[in-house]
>>> print(open('target16.cif').read())   # mmCIF, C-alpha atoms
data_start
loop_
_atom_site.label_atom_id
_atom_site.label_comp_id
_atom_site.auth_asym_id
_atom_site.auth_seq_id
_atom_site.Cartn_x
_atom_site.Cartn_y
_atom_site.Cartn_z
CA MET G 1 84.82 115.85 130.04
CA LYS G 2 88.38 114.61 130.43
CA LYS G 3 89.24 111.03 129.51
CA VAL G 4 91.14 108.63 131.76
CA ALA G 5 92.56 105.22 130.86
CA PHE G 6 93.83 102.53 133.22
CA LYS G 7 96.18 99.59 132.79
CA THR G 8 96.65 97.10 135.61
CA LEU G 9 99.37 94.47 135.81
CA GLY G 10 99.90 91.74 138.39
CA CYS G 11 97.78 90.63 141.30
CA ARG G 12 94.15 90.97 142.36
CA LEU G 13 95.23 93.53 144.95
CA ASN G 14 96.30 95.82 142.12
CA GLN G 15 93.02 95.11 140.31
CA PHE G 16 91.02 96.10 143.38
CA GLU G 17 92.99 99.32 143.83
CA THR G 18 92.51 100.23 140.17
CA ASP G 19 88.76 99.58 140.37
CA SER G 20 88.54 101.92 143.34
CA LEU G 21 90.32 104.62 141.35
CA VAL G 22 88.01 103.99 138.38
CA THR G 23 85.04 104.64 140.67
CA GLN G 24 86.57 107.86 141.99
CA PHE G 25 87.35 109.28 138.53
CA HIS G 26 83.96 108.22 137.15
CA ASN G 27 82.08 109.87 140.01
CA ALA G 28 84.08 113.07 139.44
CA GLY G 29 82.88 113.27 135.84
CA TYR G 30 85.81 111.75 133.97
CA GLU G 31 85.11 109.47 131.01
CA VAL G 32 86.80 106.11 131.55
CA VAL G 33 88.13 104.87 128.20
CA GLU G 34 89.82 101.68 127.16
CA PHE G 35 93.60 101.67 127.56
CA GLY G 36 95.12 102.05 124.12
CA LYS G 37 92.87 104.96 123.18
CA LYS G 38 93.85 108.61 123.44
CA ALA G 39 93.30 109.95 126.97
CA ASP G 40 94.00 113.04 129.02
CA VAL G 41 95.22 110.80 131.86
CA SER G 42 96.84 107.36 131.64
CA ILE G 43 97.33 105.49 134.91
CA ILE G 44 99.53 102.38 134.85
CA ASN G 45 99.32 100.25 137.99
CA THR G 46 102.53 98.24 137.68
CA CYS G 47 103.88 94.90 138.89
CA THR G 48 107.53 94.12 139.64
CA VAL G 49 107.41 90.49 140.76
CA THR G 50 109.61 89.40 137.81
CA ASN G 51 111.84 90.98 135.17
CA SER G 52 109.09 90.18 132.67
CA SER G 53 106.63 92.20 134.77
CA ASP G 54 108.99 95.18 134.72
CA GLN G 55 109.30 94.97 130.93
CA LYS G 56 105.53 94.77 130.43
CA SER G 57 105.11 97.80 132.67
CA ARG G 58 107.68 99.75 130.63
CA ASN G 59 105.92 98.79 127.41
CA TYR G 60 102.57 100.11 128.65
CA ILE G 61 104.18 103.32 129.93
CA ASN G 62 105.69 103.93 126.50
CA GLN G 63 102.40 103.05 124.80
CA ALA G 64 100.47 105.54 126.93
CA SER G 65 102.87 108.41 126.35
CA GLY G 66 103.05 107.65 122.63
CA LEU G 67 99.26 107.65 122.18
CA SER G 68 98.66 110.74 124.31
CA PRO G 69 101.79 112.92 124.19
CA ASP G 70 99.81 115.91 125.51
CA GLY G 71 98.23 113.92 128.34
CA ILE G 72 99.70 113.05 131.72
CA THR G 73 101.02 109.61 132.62
CA VAL G 74 100.86 108.39 136.21
CA VAL G 75 102.86 105.30 137.20
CA SER G 76 102.03 103.54 140.45
CA GLY G 77 102.15 100.02 141.88
CA CYS G 78 105.08 97.91 142.98
CA MET G 79 107.47 98.96 140.22
CA ALA G 80 106.96 102.56 141.36
CA ASN G 81 108.34 101.57 144.75
CA HIS G 82 111.04 99.26 143.46
CA LYS G 83 112.45 101.54 140.74
CA LYS G 84 111.20 104.96 141.75
CA GLU G 85 114.41 106.90 141.07
CA ILE G 86 114.77 105.43 137.57
CA LEU G 87 111.14 106.09 136.68
CA GLU G 88 111.24 109.66 137.97
CA LYS G 89 114.01 110.45 135.45
CA GLN G 90 111.88 109.36 132.47
CA GLU G 91 110.52 112.32 130.52
CA ASN G 92 107.41 110.41 129.40
CA ILE G 93 106.23 109.91 133.02
CA THR G 94 104.48 112.84 134.72
CA TYR G 95 104.11 111.39 138.22
CA VAL G 96 105.46 108.34 140.06
CA VAL G 97 103.21 107.38 142.98
CA GLU G 98 104.25 104.74 145.49
CA ASN G 99 101.81 102.13 146.83
CA GLU G 100 101.33 103.97 150.11
CA GLN G 101 99.92 107.05 148.31
CA LYS G 102 98.10 105.22 145.50
CA ASN G 103 94.72 105.84 147.10
CA ASP G 104 95.19 109.62 146.61
CA ILE G 105 95.99 109.58 142.88
CA PHE G 106 92.71 111.29 141.97
CA ASN G 107 93.58 114.35 144.07
CA LEU G 108 97.01 114.48 142.42
CA VAL G 109 95.49 114.44 138.93
CA ASP G 110 92.65 116.80 139.79
CA SER G 111 95.11 119.30 141.29
CA HIS G 112 97.28 119.04 138.17
CA PHE G 113 94.40 120.09 135.89
CA LYS G 114 93.55 122.93 138.24
CA GLY G 115 97.11 124.22 137.89
CA GLU G 116 98.12 123.18 141.42
CA LEU G 117 101.36 121.19 141.37
CA VAL G 118 101.46 118.59 144.14
CA HIS G 119 104.44 116.34 144.79
CA PRO G 120 103.39 112.66 145.05
CA GLY G 121 105.33 112.38 148.30
CA ASN G 122 102.89 114.84 149.89
CA LEU G 123 99.82 112.76 149.08
CA LYS G 124 97.82 111.13 151.86
CA ALA G 125 99.35 107.75 152.74
CA ASP G 126 96.73 105.12 153.57
CA VAL G 127 96.95 101.57 152.17
CA PHE G 128 93.30 100.99 153.11
CA GLY G 129 92.02 104.41 152.05
CA PHE G 130 90.35 103.28 148.83
CA GLU G 131 86.76 104.16 147.97
CA THR G 132 84.08 101.48 147.76
CA VAL G 133 83.93 100.17 144.20
CA GLU G 134 80.84 101.26 142.26
CA LYS G 135 82.03 101.26 138.66
CA SER G 136 84.39 98.37 137.92
CA LEU G 137 86.36 97.05 134.98
CA HIS G 138 85.20 93.57 136.06
CA THR G 139 81.97 91.75 136.96
CA ARG G 140 83.25 90.69 140.37
CA THR G 141 84.89 93.05 142.82
CA SER G 142 87.61 92.60 145.42
CA ILE G 143 87.71 93.48 149.09
CA LYS G 144 91.13 94.41 150.43
CA ILE G 145 91.55 92.94 153.91
CA GLN G 146 95.32 93.05 154.35
CA ASP G 147 98.52 94.48 152.89
CA GLY G 148 102.25 93.78 153.20
CA CYS G 149 104.14 90.63 154.13
CA ASP G 150 106.55 89.53 156.88
CA ASN G 151 107.63 86.23 155.33
CA PHE G 152 110.67 87.47 153.34
CA CYS G 153 110.91 84.50 151.00
CA SER G 154 114.38 84.46 149.49
CA PHE G 155 113.13 85.08 145.93
CA CYS G 156 110.57 87.79 146.64
CA ILE G 157 110.86 91.56 146.39
CA ILE G 158 107.28 92.23 147.58
CA PRO G 159 108.03 92.96 151.29
CA ARG G 160 110.32 95.77 150.09
CA VAL G 161 107.68 97.35 147.85
CA ARG G 162 104.52 96.63 149.88
CA GLY G 163 105.98 96.89 153.37
CA ARG G 164 105.34 94.88 156.53
CA ALA G 165 102.08 93.04 157.12
CA ILE G 166 99.12 95.13 158.25
CA SER G 167 95.47 94.08 158.62
CA ARG G 168 92.40 96.19 157.94
CA PRO G 169 89.92 96.77 160.79
CA ALA G 170 87.18 94.13 160.74
CA ALA G 171 84.34 96.66 160.96
CA ASP G 172 85.66 98.49 157.89
CA ILE G 173 85.82 95.21 155.93
CA VAL G 174 82.27 94.19 156.79
CA ASP G 175 81.00 97.69 155.97
CA ASN G 176 82.85 97.58 152.63
CA VAL G 177 81.23 94.22 151.82
CA LYS G 178 77.74 95.57 152.61
CA ARG G 179 78.30 98.61 150.40
CA VAL G 180 79.54 96.69 147.33
CA ILE G 181 76.60 94.29 147.67
CA ASP G 182 74.30 97.33 147.76
CA ASN G 183 76.09 98.53 144.60
CA GLY G 184 74.99 95.36 142.81
CA PHE G 185 78.06 93.13 142.94
CA LYS G 186 77.29 89.43 143.38
CA GLU G 187 80.78 88.03 143.80
CA ILE G 188 83.51 89.44 146.03
CA VAL G 189 87.11 88.31 146.17
CA LEU G 190 89.05 88.66 149.41
CA THR G 191 92.48 89.98 148.58
CA GLY G 192 95.75 91.17 150.10
CA VAL G 193 99.44 90.29 149.95
CA ASN G 194 99.32 87.49 152.55
CA ILE G 195 95.69 87.18 153.57
CA SER G 196 96.03 84.00 155.64
CA ARG G 197 98.02 86.13 158.11
CA TYR G 198 95.09 88.44 158.72
CA GLU G 199 94.92 89.38 162.40
CA TYR G 200 93.06 92.30 163.92
CA GLU G 201 92.19 92.68 167.60
CA GLY G 202 92.16 88.93 168.15
CA LEU G 203 90.31 88.07 164.94
CA SER G 204 91.96 85.58 162.59
CA PHE G 205 91.50 85.11 158.85
CA LYS G 206 88.93 82.40 159.56
CA ASN G 207 87.05 84.76 161.87
CA ILE G 208 86.82 87.57 159.32
CA VAL G 209 85.61 85.15 156.64
CA GLU G 210 82.88 83.98 159.04
CA LYS G 211 81.75 87.58 159.52
CA ILE G 212 81.72 88.28 155.78
CA VAL G 213 79.60 85.29 154.75
CA GLU G 214 76.97 86.24 157.32
CA VAL G 215 76.30 89.56 155.58
CA GLU G 216 72.79 89.53 154.11
CA GLY G 217 72.31 89.35 150.35
CA ASP G 218 72.52 87.04 147.34
CA PHE G 219 76.25 86.99 146.72
CA ARG G 220 79.20 84.64 146.94
CA VAL G 221 82.72 84.94 148.30
CA ARG G 222 85.94 83.82 146.65
CA ILE G 223 89.34 83.75 148.35
CA SER G 224 92.24 84.94 146.21
CA SER G 225 95.82 83.68 146.30
CA ILE G 226 96.68 82.35 149.75
CA GLU G 227 99.78 80.99 151.48
CA PRO G 228 99.74 77.49 153.05
CA ASP G 229 101.52 78.39 156.29
CA ASN G 230 98.66 79.42 158.57
CA PHE G 231 95.79 76.94 158.20
CA THR G 232 93.87 75.50 161.14
CA PRO G 233 92.30 72.01 161.07
CA ASP G 234 88.77 73.40 161.12
CA PHE G 235 89.27 75.72 158.14
CA PRO G 236 87.74 73.28 155.58
CA ASP G 237 84.49 73.34 157.60
CA LEU G 238 84.02 76.99 156.59
CA PHE G 239 83.31 75.86 153.05
CA HIS G 240 80.04 74.23 154.03
CA HIS G 241 78.64 77.76 153.90
CA PRO G 242 76.85 78.21 150.54
CA LYS G 243 78.29 81.69 150.00
CA LEU G 244 81.91 80.51 150.14
CA ASN G 245 83.21 79.18 146.83
CA PRO G 246 84.99 75.77 147.01
CA HIS G 247 88.18 76.96 145.35
CA LEU G 248 91.57 78.12 146.62
CA HIS G 249 94.64 79.34 144.78
CA LEU G 250 97.10 77.74 147.22
CA CYS G 251 100.72 78.67 146.46
CA LEU G 252 103.03 75.63 146.32
CA GLN G 253 106.08 77.18 144.54
CA SER G 254 108.01 73.87 144.61
CA GLY G 255 107.36 70.20 145.30
CA SER G 256 110.86 69.70 146.71
CA ASP G 257 111.53 70.21 150.42
CA ASN G 258 115.12 71.05 149.54
CA ILE G 259 114.02 73.94 147.32
CA LEU G 260 111.28 75.08 149.72
CA MET G 261 113.94 75.44 152.41
CA LYS G 262 116.14 77.52 150.09
CA MET G 263 113.12 79.64 149.26
CA ARG G 264 112.49 80.17 153.00
CA ARG G 265 108.93 78.93 152.65
CA MET G 266 107.31 78.19 156.00
CA TYR G 267 105.92 74.71 155.21
CA SER G 268 106.94 71.30 153.88
CA VAL G 269 105.57 69.26 151.00
CA ASN G 270 103.85 66.94 153.49
CA SER G 271 102.16 69.81 155.34
CA PHE G 272 101.01 71.28 152.01
CA MET G 273 99.52 67.98 150.92
CA GLY G 274 97.95 67.63 154.35
CA ILE G 275 95.97 70.82 153.65
CA VAL G 276 94.86 69.58 150.23
CA GLU G 277 93.80 66.19 151.58
CA SER G 278 91.95 67.70 154.55
CA PHE G 279 89.83 69.76 152.17
CA ARG G 280 89.17 66.88 149.79
CA LYS G 281 87.97 64.69 152.68
CA VAL G 282 85.25 67.23 153.40
CA HIS G 283 84.72 68.46 149.82
CA PRO G 284 85.81 65.81 147.27
CA ASP G 285 85.41 68.17 144.29
CA PHE G 286 87.30 71.06 145.91
CA ASN G 287 89.30 72.91 143.28
CA PHE G 288 92.92 73.88 143.92
CA THR G 289 95.00 76.03 141.60
CA THR G 290 98.56 77.07 142.37
CA ASP G 291 101.79 78.98 141.58
CA ILE G 292 105.03 77.12 140.88
CA ILE G 293 108.50 78.56 140.26
CA VAL G 294 110.80 76.56 137.99
CA GLY G 295 114.55 76.99 137.76
CA PHE G 296 115.13 78.29 141.28
CA PRO G 297 118.89 78.40 142.10
CA GLY G 298 120.14 74.88 142.81
CA GLU G 299 117.01 73.12 141.50
CA THR G 300 118.12 69.73 140.22
CA GLU G 301 116.28 67.44 137.81
CA GLU G 302 115.29 65.37 140.84
CA ASP G 303 113.88 68.46 142.57
CA PHE G 304 111.89 69.34 139.45
CA GLN G 305 110.59 65.79 139.09
CA GLN G 306 109.37 65.95 142.69
CA THR G 307 107.46 69.09 141.76
CA LEU G 308 105.81 67.31 138.81
CA ASN G 309 104.91 64.39 141.07
CA ILE G 310 103.34 66.58 143.76
CA ALA G 311 101.42 68.63 141.20
CA SER G 312 99.93 65.41 139.82
CA ARG G 313 99.12 64.15 143.29
CA ALA G 314 97.44 67.43 144.28
CA LYS G 315 95.38 67.38 141.05
CA PHE G 316 95.57 71.13 140.48
CA SER G 317 93.16 72.33 137.81
CA HIS G 318 95.61 75.05 136.80
CA ILE G 319 99.28 75.79 137.47
CA HIS G 320 100.52 79.36 137.06
CA THR G 321 104.14 78.74 136.09
CA PHE G 322 106.91 81.25 136.74
CA ARG G 323 110.45 80.89 135.47
CA TYR G 324 112.65 82.06 138.33
CA SER G 325 113.59 85.70 137.79
CA LEU G 326 116.62 87.11 139.60
CA ARG G 327 115.62 90.15 141.66
CA ASN G 328 118.45 92.28 143.02
CA GLY G 329 118.13 92.83 146.75
CA THR G 330 116.84 89.31 147.46
CA ARG G 331 118.79 86.45 149.03
CA ALA G 332 118.21 84.19 146.04
CA ALA G 333 120.03 86.66 143.78
CA ARG G 334 123.24 85.88 145.70
CA MET G 335 122.83 82.11 145.61
CA GLU G 336 125.15 79.85 143.67
CA ASN G 337 124.05 77.39 140.95
CA GLN G 338 121.82 79.80 139.03
CA ILE G 339 119.90 77.77 136.43
CA PRO G 340 120.45 78.50 132.71
CA GLY G 341 117.54 80.10 130.86
CA LYS G 342 117.26 77.17 128.44
CA VAL G 343 116.70 74.75 131.32
CA LYS G 344 114.07 77.05 132.86
CA THR G 345 112.24 77.18 129.53
CA GLU G 346 112.30 73.39 129.15
CA ARG G 347 110.99 72.83 132.66
CA SER G 348 108.34 75.50 132.22
CA GLU G 349 107.08 73.76 129.08
CA LYS G 350 106.88 70.38 130.85
CA LEU G 351 104.89 71.97 133.66
CA ARG G 352 102.60 73.71 131.17
CA ILE G 353 101.82 70.40 129.47
CA LEU G 354 101.10 68.80 132.86
CA SER G 355 98.86 71.73 133.81
CA GLU G 356 96.79 71.29 130.64
CA GLN G 357 96.46 67.56 131.33
CA LEU G 358 95.37 68.13 134.95
CA GLU G 359 92.90 70.83 133.89
CA LYS G 360 91.26 68.43 131.45
CA GLU G 361 91.10 65.71 134.10
CA TYR G 362 89.46 68.04 136.61
CA PHE G 363 86.95 69.38 134.10
CA ASN G 364 86.06 65.81 133.06
CA SER G 365 85.52 64.86 136.71
CA MET G 366 82.93 67.64 136.97
CA LEU G 367 80.85 66.67 133.92
CA GLN G 368 77.20 65.81 134.63
CA LYS G 369 77.41 67.86 137.82
CA SER G 370 75.72 71.18 138.54
CA GLN G 371 77.26 74.63 138.89
CA ARG G 372 75.84 78.02 139.78
CA VAL G 373 77.29 80.33 137.13
CA LEU G 374 77.66 84.10 137.41
CA ILE G 375 77.39 85.50 133.89
CA GLU G 376 80.22 87.83 132.84
CA ASN G 377 79.87 88.14 129.08
CA PRO G 378 76.63 87.50 127.19
CA ASP G 379 77.38 87.69 123.46
CA LYS G 380 75.39 88.55 120.36
CA ASN G 381 75.46 84.98 119.08
CA GLY G 382 73.08 83.71 121.75
CA SER G 383 75.53 82.35 124.30
CA ALA G 384 77.13 83.56 127.53
CA PHE G 385 80.28 83.00 129.56
CA GLY G 386 80.86 82.89 133.30
CA TYR G 387 82.42 80.97 136.17
CA GLY G 388 80.88 78.35 138.41
CA GLU G 389 81.45 78.29 142.15
CA HIS G 390 84.40 75.88 141.65
CA TYR G 391 86.03 78.50 139.36
CA ILE G 392 85.33 76.48 136.23
CA PRO G 393 85.06 78.57 133.01
CA ILE G 394 81.64 77.74 131.57
CA GLN G 395 80.07 78.56 128.21
CA ILE G 396 76.26 78.48 128.16
CA GLU G 397 74.76 78.24 124.69
CA THR G 398 71.47 79.86 125.61
CA ALA G 399 70.24 83.24 124.38
CA GLY G 400 68.93 86.03 126.56
CA LEU G 401 71.03 85.47 129.69
CA ALA G 402 71.70 88.60 131.72
CA LYS G 403 75.13 89.84 132.79
CA ASN G 404 75.82 89.68 136.55
CA GLU G 405 73.04 87.16 137.19
CA PHE G 406 73.24 83.62 138.55
CA TYR G 407 72.07 80.58 136.57
CA GLN G 408 72.09 76.93 137.60
CA VAL G 409 73.56 74.77 134.85
CA SER G 410 74.52 71.17 134.22
CA LEU G 411 78.02 70.53 132.81
CA LYS G 412 77.87 68.47 129.59
CA GLU G 413 81.14 68.56 127.62
CA ILE G 414 84.52 70.25 127.18
CA LYS G 415 85.13 72.52 124.20
CA ASN G 416 88.09 74.89 123.62
CA ASN G 417 89.28 74.74 127.26
CA ARG G 418 85.83 75.66 128.52
CA VAL G 419 83.05 73.49 129.86
CA ILE G 420 79.71 73.67 128.08
CA GLY G 421 76.81 74.14 130.47
CA ILE G 422 73.13 73.50 129.82
CA ILE G 423 70.36 75.26 131.75
#
>>> encode(input="target16.cif", output="structure tokens")
Amino acid sequence: MKKVAFKTLGCRLNQFETDSLVTQFHNAGYEVVEFGKKADVSIINTCTVTNSSDQKSRNYINQASGLSPDGITVVSGCMANHKKEILEKQENITYVVENEQKNDIFNLVDSHFKGELVHPGNLKADVFGFETVEKSLHTRTSIKIQDGCDNFCSFCIIPRVRGRAISRPAADIVDNVKRVIDNGFKEIVLTGVNISRYEYEGLSFKNIVEKIVEVEGDFRVRISSIEPDNFTPDFPDLFHHPKLNPHLHLCLQSGSDNILMKMRRMYSVNSFMGIVESFRKVHPDFNFTTDIIVGFPGETEEDFQQTLNIASRAKFSHIHTFRYSLRNGTRAARMENQIPGKVKTERSEKLRILSEQLEKEYFNSMLQKSQRVLIENPDKNGSAFGYGEHYIPIQIETAGLAKNEFYQVSLKEIKNNRVIGII
């Protein structure tokens, strides 16, 4: 039995694609081992959204080849598209597979061990051609509904490495949902590059969500990272459905209209806050998390202060902070007034402190309320960890709880950045 190890960097879309590959290798008789152990095959699903992402990807590539010098190393993901020619010259990489052919990595590896050399460029290209997840590296599983992006934000390399926007057929999505529910998954995450732009034969993103939540079974639906440029006024009403979790990771990026314009974002601060307020009118406890970039070219102290002010007003429970990273080939790379690294670091730290404060405030606001927790990790000490429907990390100090089961708990106190729940 050959051993295969996986390492995934970046977004939930990458995580879904890796989980599909895990299923395929497992079903073919491969032993899936933890990355960092010796393996016959190491597959690194890379991210290239920042320079830091590139460096992490390189580190894992070197780690894999160092641990298993006689094994094969396959590099895929967005860095494989962005820096293909450079990666193909590295002696410690066996194959470089672009995103379009990622779904066919198993056939590439299987052919290799059979002595049949296949060039990655000849693999089947299908961005939706991933098998239904059966064996996952996670408790929840993702459903890919869309790929690519047409927005071309001035800082972003993703349209170049993921291509133009394309939506998956609705019937395929619903069938995929039914099959993962049959496989025992109780939480699915809708994922893609720009999922709010889903459109297939007249169906919008809202329409496909409506179809998904009507699938029979005891499961819940979470929406992954989403852009704020395509919301309709009736969208908050969707979240009355008990299967749809009241949480969105809504990408702000900046609280300054001046910077949003330079970023080529398709919304204003007021329209963003209009979305947040429309949800909170219907669902007062609705949880918003977000992404924010600090140190974008030309960002002044006033611009940054506006970002801090809007983050406080929106009451995000978590802010994923990015220090602006210059990406060659983007418009922002050619902009004047690039911000010094020291300033980016200082602003990032201020935003981190604010994020921790807002998280604590949100968690406190939820104490004495009830959450339905899906258990991820029961431990030997008689407690278990999972997430509530509002995406609150909850520790339950009760023995005997089963993994991948729902439990209704009451939230009592905050300890070590987690909320303690009592059954």
>>> closest_residue(input="target16.cif", among="G:Gln146, G:Ser383, G:Thr46, G:Thr94", to="Pro169 (chain G)", atoms="only C-alpha atoms")
G:Gln146
>>> resolve_selection(input="target16.cif", expression="the PyMOL selection byres ((chain G and resi 48) around 12)", output="ChimeraX atom specification")
/G:8-11,14,45-47,49-58,76-84,156-162,325-328
>>> resolve_selection(input="target16.cif", expression="the PyMOL selection byres ((chain G and resi 12) around 10)", output="list in words")
Thr8, Leu9, Gly10, Cys11, Leu13, Asn14, Gln15, Phe16, Glu17, Thr18, Thr141, Ser142, Ile143, Lys144, Val189, Leu190, Thr191, Gly192, Val193, Ser224 and Ser225 of chain G
>>> closest_residue(input="target16.cif", among="G:Lys360, G:Arg352, G:Lys186, G:Lys211", to="Val373 (chain G)", atoms="all atoms listed in the file")
G:Lys186
>>> resolve_selection(input="target16.cif", expression="the PyMOL selection byres ((chain G and resi 308) around 12)", output="ChimeraX atom specification")
/G:252-256,292-294,301-307,309-316,319,321,347-355,357-358
>>> atom_distance(input="target16.cif", atom1="CA of Gln101 (chain G)", atom2="CA of Ala125 (chain G)")
4.5 Å
